[in-house]
Amino acid sequence: MRLLFFNHLENAVESLRASRFRTFLTITGVTIGIASIAAVLSLANGATDFLSRQAITTSDSIALVRSSKPSTPQSLLVDFESLHATTSLTEKDATELGQIENSTAAPMAILHTSLKSKDGSVDGERATLIGTNSNLLDIAELELLDGQFLADNNGNSGIVMGNQLAIDLFGTEHALGNITTIRGENFTVVGVLKSTNQPVNYHGVDFDQSAIIHLSAIKHFTQDVAQIQQIVIRSNTDQPLEPIVKTADEILSRNHLDEKDYAILTGKSITAPSSQLFSNIVTVVTIIAGISLLVGGIGIMNIMLVNVAERRREVGIRQAIGATDGQIINQFLIESAIIGLVGGIIGYLLGLSFAFLLGMYLPFSPVIDWQTAALSIGTAMITGIFFGIYPAIRAAKRDPIESLRH
Amino acid sequence: MDEDKSRIKLLGITKRYGIGDAEHYALDGVDLTVEKGEFIAIMGPSGCGKTTLLNVIGLLDQATDGEYYLDNKPVDNLSPRRQAKIRSRQIGFVFQNFNLIPRLTVIDNVALPLTYTGVRKTRRLQEASRILRTFHLGEREYYLPHQLSGGQTQRVAIARALVNQPSIILADEPTGNLDSKTSHIIMEELADIHRRGNTIIMVTHNPDLTSYASRVITMLDGKIDTDSKKDRSQPFKKKLDITGDKKRKSMPELVTQSTPKKAKRQSARKQKTRKGAKS
């Protein structure tokens with residue numbers, strides 16, 4: 001049997017080579033299917049890694065207070081706007097949370113508004129204005145490229161620019177001292193952030209596209225009432241987060257008169273909504289990629305049927321000189337399995353290179369792991385065999401006399 | 001002894017096509033016993049069931065009714081798999097239109113039957129090469145079938161039929177696609193194989209060629225019409241008995257070892273001796 005396997009293998013390679021162009025087309029069909037699956041999977045793995053890395057950095061020391069308790073993790077993301085709508089958190093909450101021992105807190109009042117400079121303007125859809133205090137620099141682990149961060153007692157006309165926003169607005173990241181106008185008020189750039197290159201993070205804002213001003217300054221834009229969407233609390237180094245969260249809960253509960261219109265998120269639940277939604281998206285995209293594999297599989301079946309019809313006489317000859325049905329089936333199955341396997345390997349490599357190409361424009365890079373390789377190449381081979389079964393059986397079940405007369 | 005030597009025994013073989021009004025008998029109760037070492041020519045008009053009979057004997061076709069004993073074993077109710085095994089080990093086919101696989105080289109075509117008996121590749125090629133040399137086709141080993149003449153192609157096909165050292169060779173109009181000169185060359189080859197002790201059953205239209213056979217059967221409407229053993233077969237049978245005493249298990253090494261002795265004792269043609277008959 002082992003001998004026959006090698007013989008079939010040799011035979012299959014021979015007959016595939018005999019019809020090179022057709023083999024090439026069939027393999028291309030499988031390749032495209034597998035390439036898309038491999039690209040999606042390796043990018044998805046990269047993204048999952050990326051998200052879980054954040055979960056690790058946040059889980060130890062960060063607690064997030066958000067207004068209104070979301071019913072499910074999804075609703076938080078699906079109703080993303082609710083994050084930026086009127087909120088139940090007050091300045092008083094922020095101040096009192098900031099006084100908890102062993103921790104620092106920063107409120108985040110988020111406003112989408114346009115910024116203008118003498119060179120141009122950036123509208124509210126692309127720019128985010130954040131009102132906060134001096135603690136945010138440490139809490140969000142931001143780094144300054146130039147200048148300094150906001151100081152709590154230093155007037156309200158300073159603004160810290162995100163890296164990309166500075167470039168968009170002033171044409172350079174060295175924008176210190178420039179003046180930008182927000183809703184008629186002038187702000188002087190006192191600092192420019194280093195590029196974070198993390199558009200997806202637990203704060204819900206992309207700091208590269210943000211401008212940061214003091215909470216007391218952003219109040220002017222909202223009728224002197226701070227619209228604080230979230231308060232970030234970070235425990236001091238080596239201090240457990242749990243007692244702090246407990247104290248925070250007590251303070252908020254007291255301030256809100258026992259009304260549970262806020263939520264304190266810690267650890268994984270901060271990233272849960274995004275990663276869960278993300279894995280849903282991955283599933284959907286993988287299924288769509290799977291459809292192209294299905295098309296490739298049908299292509300294999302089609303070609304194998306043509307192959308079987310074309311080589312009907314050969315099958316008859318082989319049967320006449322003593323090939324059993326099983327041997328005929330094996331011969332054609334090995335042929336289609338080879339198509340699948342070759343398509344799988346090429347597809348995986350192609351998909352991977354495509355993923356890396358895309359990765360250059362994405363905040364995360366794809367991951368090479370053996371699971372994706374095994375999954376995509378294995379799927380390709382199984383597709384090859386599965387769609388080869390019917391043609392192979394059809395070849396073997398033909399009447400040899402009829403086949404020889406053919 | 002006579003009973004043991006019967007290669008093929010057919011009892012009341014019937015092959016029916018269609019049902020009801022369209023019922024038609026391709027074979028209608030054929031009784032036939034073929035003994036070891038016979039060269040049978042089956043004659044008859046088109047549609048008399050010659051080829052069907054050959055296909056039934058070759059286990060390519062299944063009789064509707066009747067009993068079939070091959071080497072004294074019933075084979076008519078075997079599974080397709082077992083029948084394929086018998087085809088692979090005991091039967092060699094030669095066809096009118098040669099039926100070589102066009103994309104395989106001559107040597108690969110000849111070696112093909114061996115792949116289904118599980119012979120290793122090197123061994124297969126050695127064996128195929130050896131048998132091709134006996135047909136003077138040693139220099140054509142790596143040609144493709146379409147690069148050969150008709151006679152050469154048929155000789156390759158005969159070599160393929162012999163490579164498994166089958167008990168019976170079935171030839172369905174082996175000269176049907178060849179001109180008369182080449183036909184006689186092919187018939188000489190078959191006669192030669194016969195002289196070496198092989199059993200051959202051949203279907204033909206050409207009455208000239210029956211002179212090579214030891215027994216001529218004519219068929220009509222699915223029945224055996226006449227069956228005549230020819231005198232000419234007698235000397236061959238005697239020769240066969242001589243070789244039959246020195247029965248060798250058909251290992252090629254043994255053949256080459258014993259060839260020189262045999263060559264002295266028998267005609268020069270025996271140089272090509274390859275003992276195909278085995279029990």
# chains A, B, ... in the order shown; residues from 1 in each chain; ligands from 1

$ interface_residues --of "chain B" --to "chain A" --cutoff "6 Å" --atoms "only C-alpha atoms" --output "list in words"
Arg81, Ala84, Lys85, Arg87, Ser88, Ile101, Pro113 and Tyr116 of chain B

$ residues_around --residues "Ser157 of chain A" --least-positions-apart "4" --cutoff "9 Å" --atoms "only C-alpha atoms" --output "list in words"
Glu185, Asn186, Phe187, Thr188, Val189, Ile213, His214 and Ala217 of chain A

$ residues_around --residues "segment 172-176 of chain A" --least-positions-apart "4" --cutoff "10 Å" --atoms "only C-alpha atoms" --output "compact mmCIF listing (two decimals) with N, CA, C and O atoms, in the first residue's frame"
# COMPACT_ATOMS: atom_id res chain seq x y z
N LEU A 145 6.93 65.46 23.51
CA LEU A 145 8.01 65.62 22.54
C LEU A 145 8.70 66.97 22.80
O LEU A 145 9.91 67.10 22.72
N ASP A 146 7.88 67.94 23.13
CA ASP A 146 8.35 69.32 23.25
C ASP A 146 7.54 69.99 24.34
O ASP A 146 6.38 69.64 24.56
N GLY A 147 8.12 70.95 25.01
CA GLY A 147 7.36 71.79 25.93
C GLY A 147 6.98 71.06 27.20
O GLY A 147 7.70 70.18 27.69
N GLN A 148 5.84 71.44 27.73
CA GLN A 148 5.42 70.86 29.01
C GLN A 148 3.95 70.53 28.97
O GLN A 148 3.23 70.92 28.06
N ILE A 159 -2.50 74.80 25.73
CA ILE A 159 -3.05 73.61 25.07
C ILE A 159 -1.90 72.67 24.72
O ILE A 159 -0.81 73.12 24.35
N VAL A 160 -2.15 71.37 24.93
CA VAL A 160 -1.15 70.37 24.54
C VAL A 160 -1.68 69.63 23.31
O VAL A 160 -2.82 69.19 23.29
N MET A 161 -0.84 69.57 22.29
CA MET A 161 -1.27 69.02 21.01
C MET A 161 -0.83 67.56 20.85
O MET A 161 0.31 67.21 21.19
N GLY A 162 -1.71 66.75 20.32
CA GLY A 162 -1.30 65.42 19.87
C GLY A 162 -0.41 65.55 18.66
O GLY A 162 -0.50 66.54 17.92
N ASN A 163 0.44 64.59 18.47
CA ASN A 163 1.46 64.68 17.43
C ASN A 163 0.87 64.91 16.05
O ASN A 163 1.23 65.85 15.34
N GLN A 164 -0.07 64.07 15.67
CA GLN A 164 -0.62 64.16 14.32
C GLN A 164 -1.44 65.43 14.14
O GLN A 164 -1.43 66.06 13.09
N LEU A 165 -2.14 65.77 15.20
CA LEU A 165 -2.98 66.97 15.13
C LEU A 165 -2.12 68.22 14.93
O LEU A 165 -2.48 69.12 14.16
N ALA A 166 -0.97 68.24 15.60
CA ALA A 166 -0.06 69.38 15.44
C ALA A 166 0.40 69.49 13.99
O ALA A 166 0.45 70.57 13.42
N ILE A 167 0.70 68.34 13.41
CA ILE A 167 1.14 68.35 12.01
C ILE A 167 0.01 68.83 11.10
O ILE A 167 0.20 69.65 10.20
N ASP A 168 -1.21 68.30 11.36
CA ASP A 168 -2.34 68.68 10.52
C ASP A 168 -2.64 70.17 10.63
O ASP A 168 -3.05 70.81 9.66
N THR A 188 -2.64 78.84 23.45
CA THR A 188 -1.23 78.77 23.04
C THR A 188 -0.72 77.36 23.26
O THR A 188 -0.98 76.77 24.31
N VAL A 189 -0.03 76.86 22.24
CA VAL A 189 0.51 75.51 22.37
C VAL A 189 1.67 75.53 23.35
O VAL A 189 2.66 76.21 23.13
N VAL A 190 1.51 74.78 24.46
CA VAL A 190 2.58 74.74 25.45
C VAL A 190 3.34 73.41 25.40
O VAL A 190 4.42 73.29 25.95
N GLY A 191 2.74 72.43 24.74
CA GLY A 191 3.43 71.15 24.67
C GLY A 191 2.92 70.33 23.49
O GLY A 191 1.79 70.53 23.03
N VAL A 192 3.78 69.50 22.98
CA VAL A 192 3.38 68.56 21.91
C VAL A 192 3.73 67.15 22.37
O VAL A 192 4.82 66.91 22.90
N LEU A 193 2.76 66.24 22.22
CA LEU A 193 2.97 64.87 22.67
C LEU A 193 3.78 64.09 21.64
O LEU A 193 3.73 64.37 20.45
N LYS A 194 4.48 63.08 22.16
CA LYS A 194 5.09 62.13 21.24
C LYS A 194 3.99 61.29 20.62
O LYS A 194 2.94 61.09 21.22
N SER A 195 4.28 60.77 19.45
CA SER A 195 3.28 59.93 18.79
C SER A 195 3.07 58.65 19.61
O SER A 195 4.02 57.98 19.99

$ closest_residue --among "A:Ser403, A:Thr26, A:Thr379, A:Thr104" --to "Gln239 of chain A" --atoms "only C-alpha atoms"
A:Thr104

$ atom_distance --atom1 "atom CA of Thr33 of chain B" --atom2 "atom CA of Ala157 of chain B"
26.3 Å

$ closest_residue --among "B:Leu114, B:Leu10, B:Ile19, B:Leu148" --to "Phe98 of chain B" --atoms "only C-alpha atoms"
B:Leu148

$ closest_residue --among "A:Ala263, A:Gly297, A:Ile389, A:Val282" --to "Ala38 of chain A" --atoms "only C-alpha atoms"
A:Val282

$ select_by_dssp --residues "segment 34-248 of chain A" --states "helix (DSSP H, G or I)" --output "PyMOL selection string"
chain A and resi 34-61+73-78+80-84+91-98+136-139+163-170+207-209+215-222+242-248

$ residues_around --residues "Gly120 of chain A" --least-positions-apart "6" --cutoff "10 Å" --atoms "only C-alpha atoms" --output "VMD selection string"
chain A and resid 168 to 171 180

$ select_by_dssp --residues "segment 1-194 of chain B" --states "strand (DSSP E or B)" --output "NGL selection string"
:B and (6-17 or 24-35 or 39-43 or 65-70 or 73-74 or 91-94 or 168-172)

$ residues_around --residues "segment 133-144 of chain B" --least-positions-apart "5" --cutoff "12 Å" --atoms "only C-alpha atoms" --output "NGL selection string"
:B and (100-111 or 125-128 or 149 or 151-160 or 162-163 or 185-186 or 188-190 or 192-193 or 269-274)

$ write_last_selection --atoms "N, CA and C atoms" --output "tab-separated table (two decimals), in the first residue's frame"
chain	number	residue	atom	x	y	z
B	100	LEU	N	-2.35	2.05	-24.93
B	100	LEU	CA	-1.26	2.51	-24.05
B	100	LEU	C	-1.68	3.86	-23.49
B	101	ILE	N	-1.14	4.22	-22.33
B	101	ILE	CA	-1.45	5.54	-21.78
B	101	ILE	C	-0.53	6.55	-22.45
B	102	PRO	N	-1.11	7.50	-23.20
B	102	PRO	CA	-0.31	8.32	-24.11
B	102	PRO	C	0.74	9.18	-23.42
B	103	ARG	N	0.49	9.61	-22.17
B	103	ARG	CA	1.47	10.52	-21.58
B	103	ARG	C	2.58	9.79	-20.81
B	104	LEU	N	2.50	8.45	-20.78
B	104	LEU	CA	3.56	7.69	-20.11
B	104	LEU	C	4.53	7.15	-21.16
B	105	THR	N	5.80	7.06	-20.79
B	105	THR	CA	6.78	6.51	-21.71
B	105	THR	C	6.53	5.02	-21.89
B	106	VAL	N	7.18	4.46	-22.90
B	106	VAL	CA	7.02	3.05	-23.21
B	106	VAL	C	7.30	2.20	-21.98
B	107	ILE	N	8.42	2.51	-21.32
B	107	ILE	CA	8.81	1.65	-20.19
B	107	ILE	C	7.82	1.79	-19.04
B	108	ASP	N	7.31	3.01	-18.82
B	108	ASP	CA	6.32	3.20	-17.76
B	108	ASP	C	5.04	2.46	-18.07
B	109	ASN	N	4.65	2.47	-19.34
B	109	ASN	CA	3.46	1.74	-19.75
B	109	ASN	C	3.61	0.25	-19.48
B	110	VAL	N	4.77	-0.27	-19.83
B	110	VAL	CA	4.99	-1.70	-19.65
B	110	VAL	C	5.05	-2.03	-18.15
B	111	ALA	N	5.60	-1.12	-17.37
B	111	ALA	CA	5.75	-1.39	-15.93
B	111	ALA	C	4.44	-1.21	-15.17
B	125	LEU	N	10.96	-1.27	-13.17
B	125	LEU	CA	11.61	-0.79	-14.39
B	125	LEU	C	12.58	-1.83	-14.94
B	126	GLN	N	13.27	-2.53	-14.05
B	126	GLN	CA	14.16	-3.60	-14.51
B	126	GLN	C	13.38	-4.64	-15.29
B	127	GLU	N	12.28	-5.04	-14.68
B	127	GLU	CA	11.46	-6.08	-15.29
B	127	GLU	C	10.93	-5.62	-16.64
B	128	ALA	N	10.43	-4.39	-16.67
B	128	ALA	CA	9.86	-3.85	-17.92
B	128	ALA	C	10.95	-3.75	-18.98
B	149	SER	N	5.72	3.29	-34.32
B	149	SER	CA	4.85	2.82	-35.40
B	149	SER	C	3.80	1.89	-34.80
B	151	GLY	N	3.08	-1.23	-35.39
B	151	GLY	CA	3.59	-2.54	-34.99
B	151	GLY	C	4.36	-2.47	-33.68
B	152	GLN	N	5.19	-1.42	-33.57
B	152	GLN	CA	5.96	-1.25	-32.34
B	152	GLN	C	5.02	-1.04	-31.16
B	153	THR	N	3.98	-0.21	-31.38
B	153	THR	CA	3.03	0.08	-30.30
B	153	THR	C	2.38	-1.22	-29.83
B	154	GLN	N	1.97	-2.04	-30.78
B	154	GLN	CA	1.32	-3.28	-30.37
B	154	GLN	C	2.30	-4.21	-29.66
B	155	ARG	N	3.56	-4.17	-30.08
B	155	ARG	CA	4.54	-5.01	-29.39
B	155	ARG	C	4.73	-4.52	-27.96
B	156	VAL	N	4.69	-3.19	-27.77
B	156	VAL	CA	4.77	-2.65	-26.41
B	156	VAL	C	3.56	-3.15	-25.60
B	157	ALA	N	2.38	-3.13	-26.26
B	157	ALA	CA	1.17	-3.56	-25.55
B	157	ALA	C	1.26	-5.03	-25.17
B	158	ILE	N	1.85	-5.84	-26.06
B	158	ILE	CA	2.00	-7.26	-25.75
B	158	ILE	C	3.00	-7.43	-24.60
B	159	ALA	N	4.07	-6.62	-24.64
B	159	ALA	CA	5.04	-6.67	-23.55
B	159	ALA	C	4.37	-6.33	-22.23
B	160	ARG	N	3.47	-5.33	-22.27
B	160	ARG	CA	2.76	-4.96	-21.06
B	160	ARG	C	1.89	-6.11	-20.56
B	162	LEU	N	2.44	-9.15	-20.90
B	162	LEU	CA	3.25	-10.28	-20.42
B	162	LEU	C	4.01	-9.98	-19.14
B	163	VAL	N	4.13	-8.70	-18.78
B	163	VAL	CA	5.08	-8.34	-17.73
B	163	VAL	C	4.71	-8.95	-16.38
B	185	ILE	N	3.93	-9.92	-38.37
B	185	ILE	CA	5.00	-9.77	-37.38
B	185	ILE	C	4.43	-9.94	-35.97
B	186	ILE	N	3.28	-9.29	-35.74
B	186	ILE	CA	2.65	-9.38	-34.42
B	186	ILE	C	2.23	-10.82	-34.14
B	188	GLU	N	3.55	-13.46	-35.31
B	188	GLU	CA	4.75	-14.23	-35.01
B	188	GLU	C	5.13	-14.08	-33.54
B	189	GLU	N	5.01	-12.86	-33.06
B	189	GLU	CA	5.33	-12.62	-31.65
B	189	GLU	C	4.41	-13.44	-30.76
B	190	LEU	N	3.11	-13.38	-31.08
B	190	LEU	CA	2.14	-14.12	-30.26
B	190	LEU	C	2.41	-15.62	-30.34
B	192	ASP	N	5.15	-16.99	-30.87
B	192	ASP	CA	6.37	-17.21	-30.10
B	192	ASP	C	6.07	-17.32	-28.61
B	193	ILE	N	5.24	-16.40	-28.15
B	193	ILE	CA	4.83	-16.44	-26.74
B	193	ILE	C	4.11	-17.75	-26.45
B	269	ARG	N	15.77	-19.70	-31.05
B	269	ARG	CA	14.74	-18.74	-30.67
B	269	ARG	C	14.50	-18.76	-29.17
B	270	LYS	N	14.81	-19.89	-28.56
B	270	LYS	CA	14.56	-20.03	-27.12
B	270	LYS	C	15.44	-19.11	-26.29
B	271	GLN	N	16.34	-18.44	-26.98
B	271	GLN	CA	17.15	-17.45	-26.28
B	271	GLN	C	16.30	-16.44	-25.52
B	272	LYS	N	15.17	-16.18	-26.14
B	272	LYS	CA	14.27	-15.19	-25.53
B	272	LYS	C	13.39	-15.81	-24.45
B	273	THR	N	13.67	-17.06	-24.17
B	273	THR	CA	12.74	-17.81	-23.31
B	273	THR	C	12.41	-17.09	-22.02
B	274	ARG	N	11.18	-17.03	-21.83
B	274	ARG	CA	10.71	-16.50	-20.55
B	274	ARG	C	9.55	-17.38	-20.19

$ residues_around --residues "segment 40-56 of chain B" --least-positions-apart "2" --cutoff "7 Å" --atoms "only C-alpha atoms" --output "PyMOL selection string"
chain B and resi 26-27+38+58-63+170+172+200-205+210+213-222

$ atom_distance --atom1 "atom CA of Arg7 of chain B" --atom2 "atom CA of Glu67 of chain B"
13.9 Å

$ residues_around --residues "Met304 of chain A" --least-positions-apart "5" --cutoff "10 Å" --atoms "only C-alpha atoms" --output "short mmCIF file (atom, residue, chain, number, x, y, z; two decimals) with C-alpha atoms, in the first residue's frame"
data_model
loop_
_atom_site.label_atom_id
_atom_site.label_comp_id
_atom_site.auth_asym_id
_atom_site.auth_seq_id
_atom_site.Cartn_x
_atom_site.Cartn_y
_atom_site.Cartn_z
CA THR A 23 -3.54 22.97 -12.81
CA THR A 26 -7.19 25.46 -10.19
CA ILE A 298 -15.84 23.86 -6.48
CA GLY A 299 -13.14 24.79 -8.96
CA ALA A 309 -13.79 12.54 -18.21
CA GLU A 310 -10.69 13.25 -20.22
CA PHE A 332 -7.51 10.89 -8.23
CA LEU A 333 -7.81 11.81 -4.57
CA GLU A 335 -4.18 14.44 -7.33
CA SER A 336 -6.81 16.74 -5.87
CA GLY A 384 -8.92 19.35 -2.08
CA PHE A 387 -14.10 18.10 -3.50
CA GLY A 388 -12.06 15.33 -5.11
CA ILE A 389 -14.12 12.50 -3.64
CA TYR A 390 -17.04 12.69 -6.02
CA PRO A 391 -14.99 12.85 -9.25
CA ALA A 392 -12.73 10.06 -8.00
CA ALA A 395 -13.96 7.59 -12.25
#
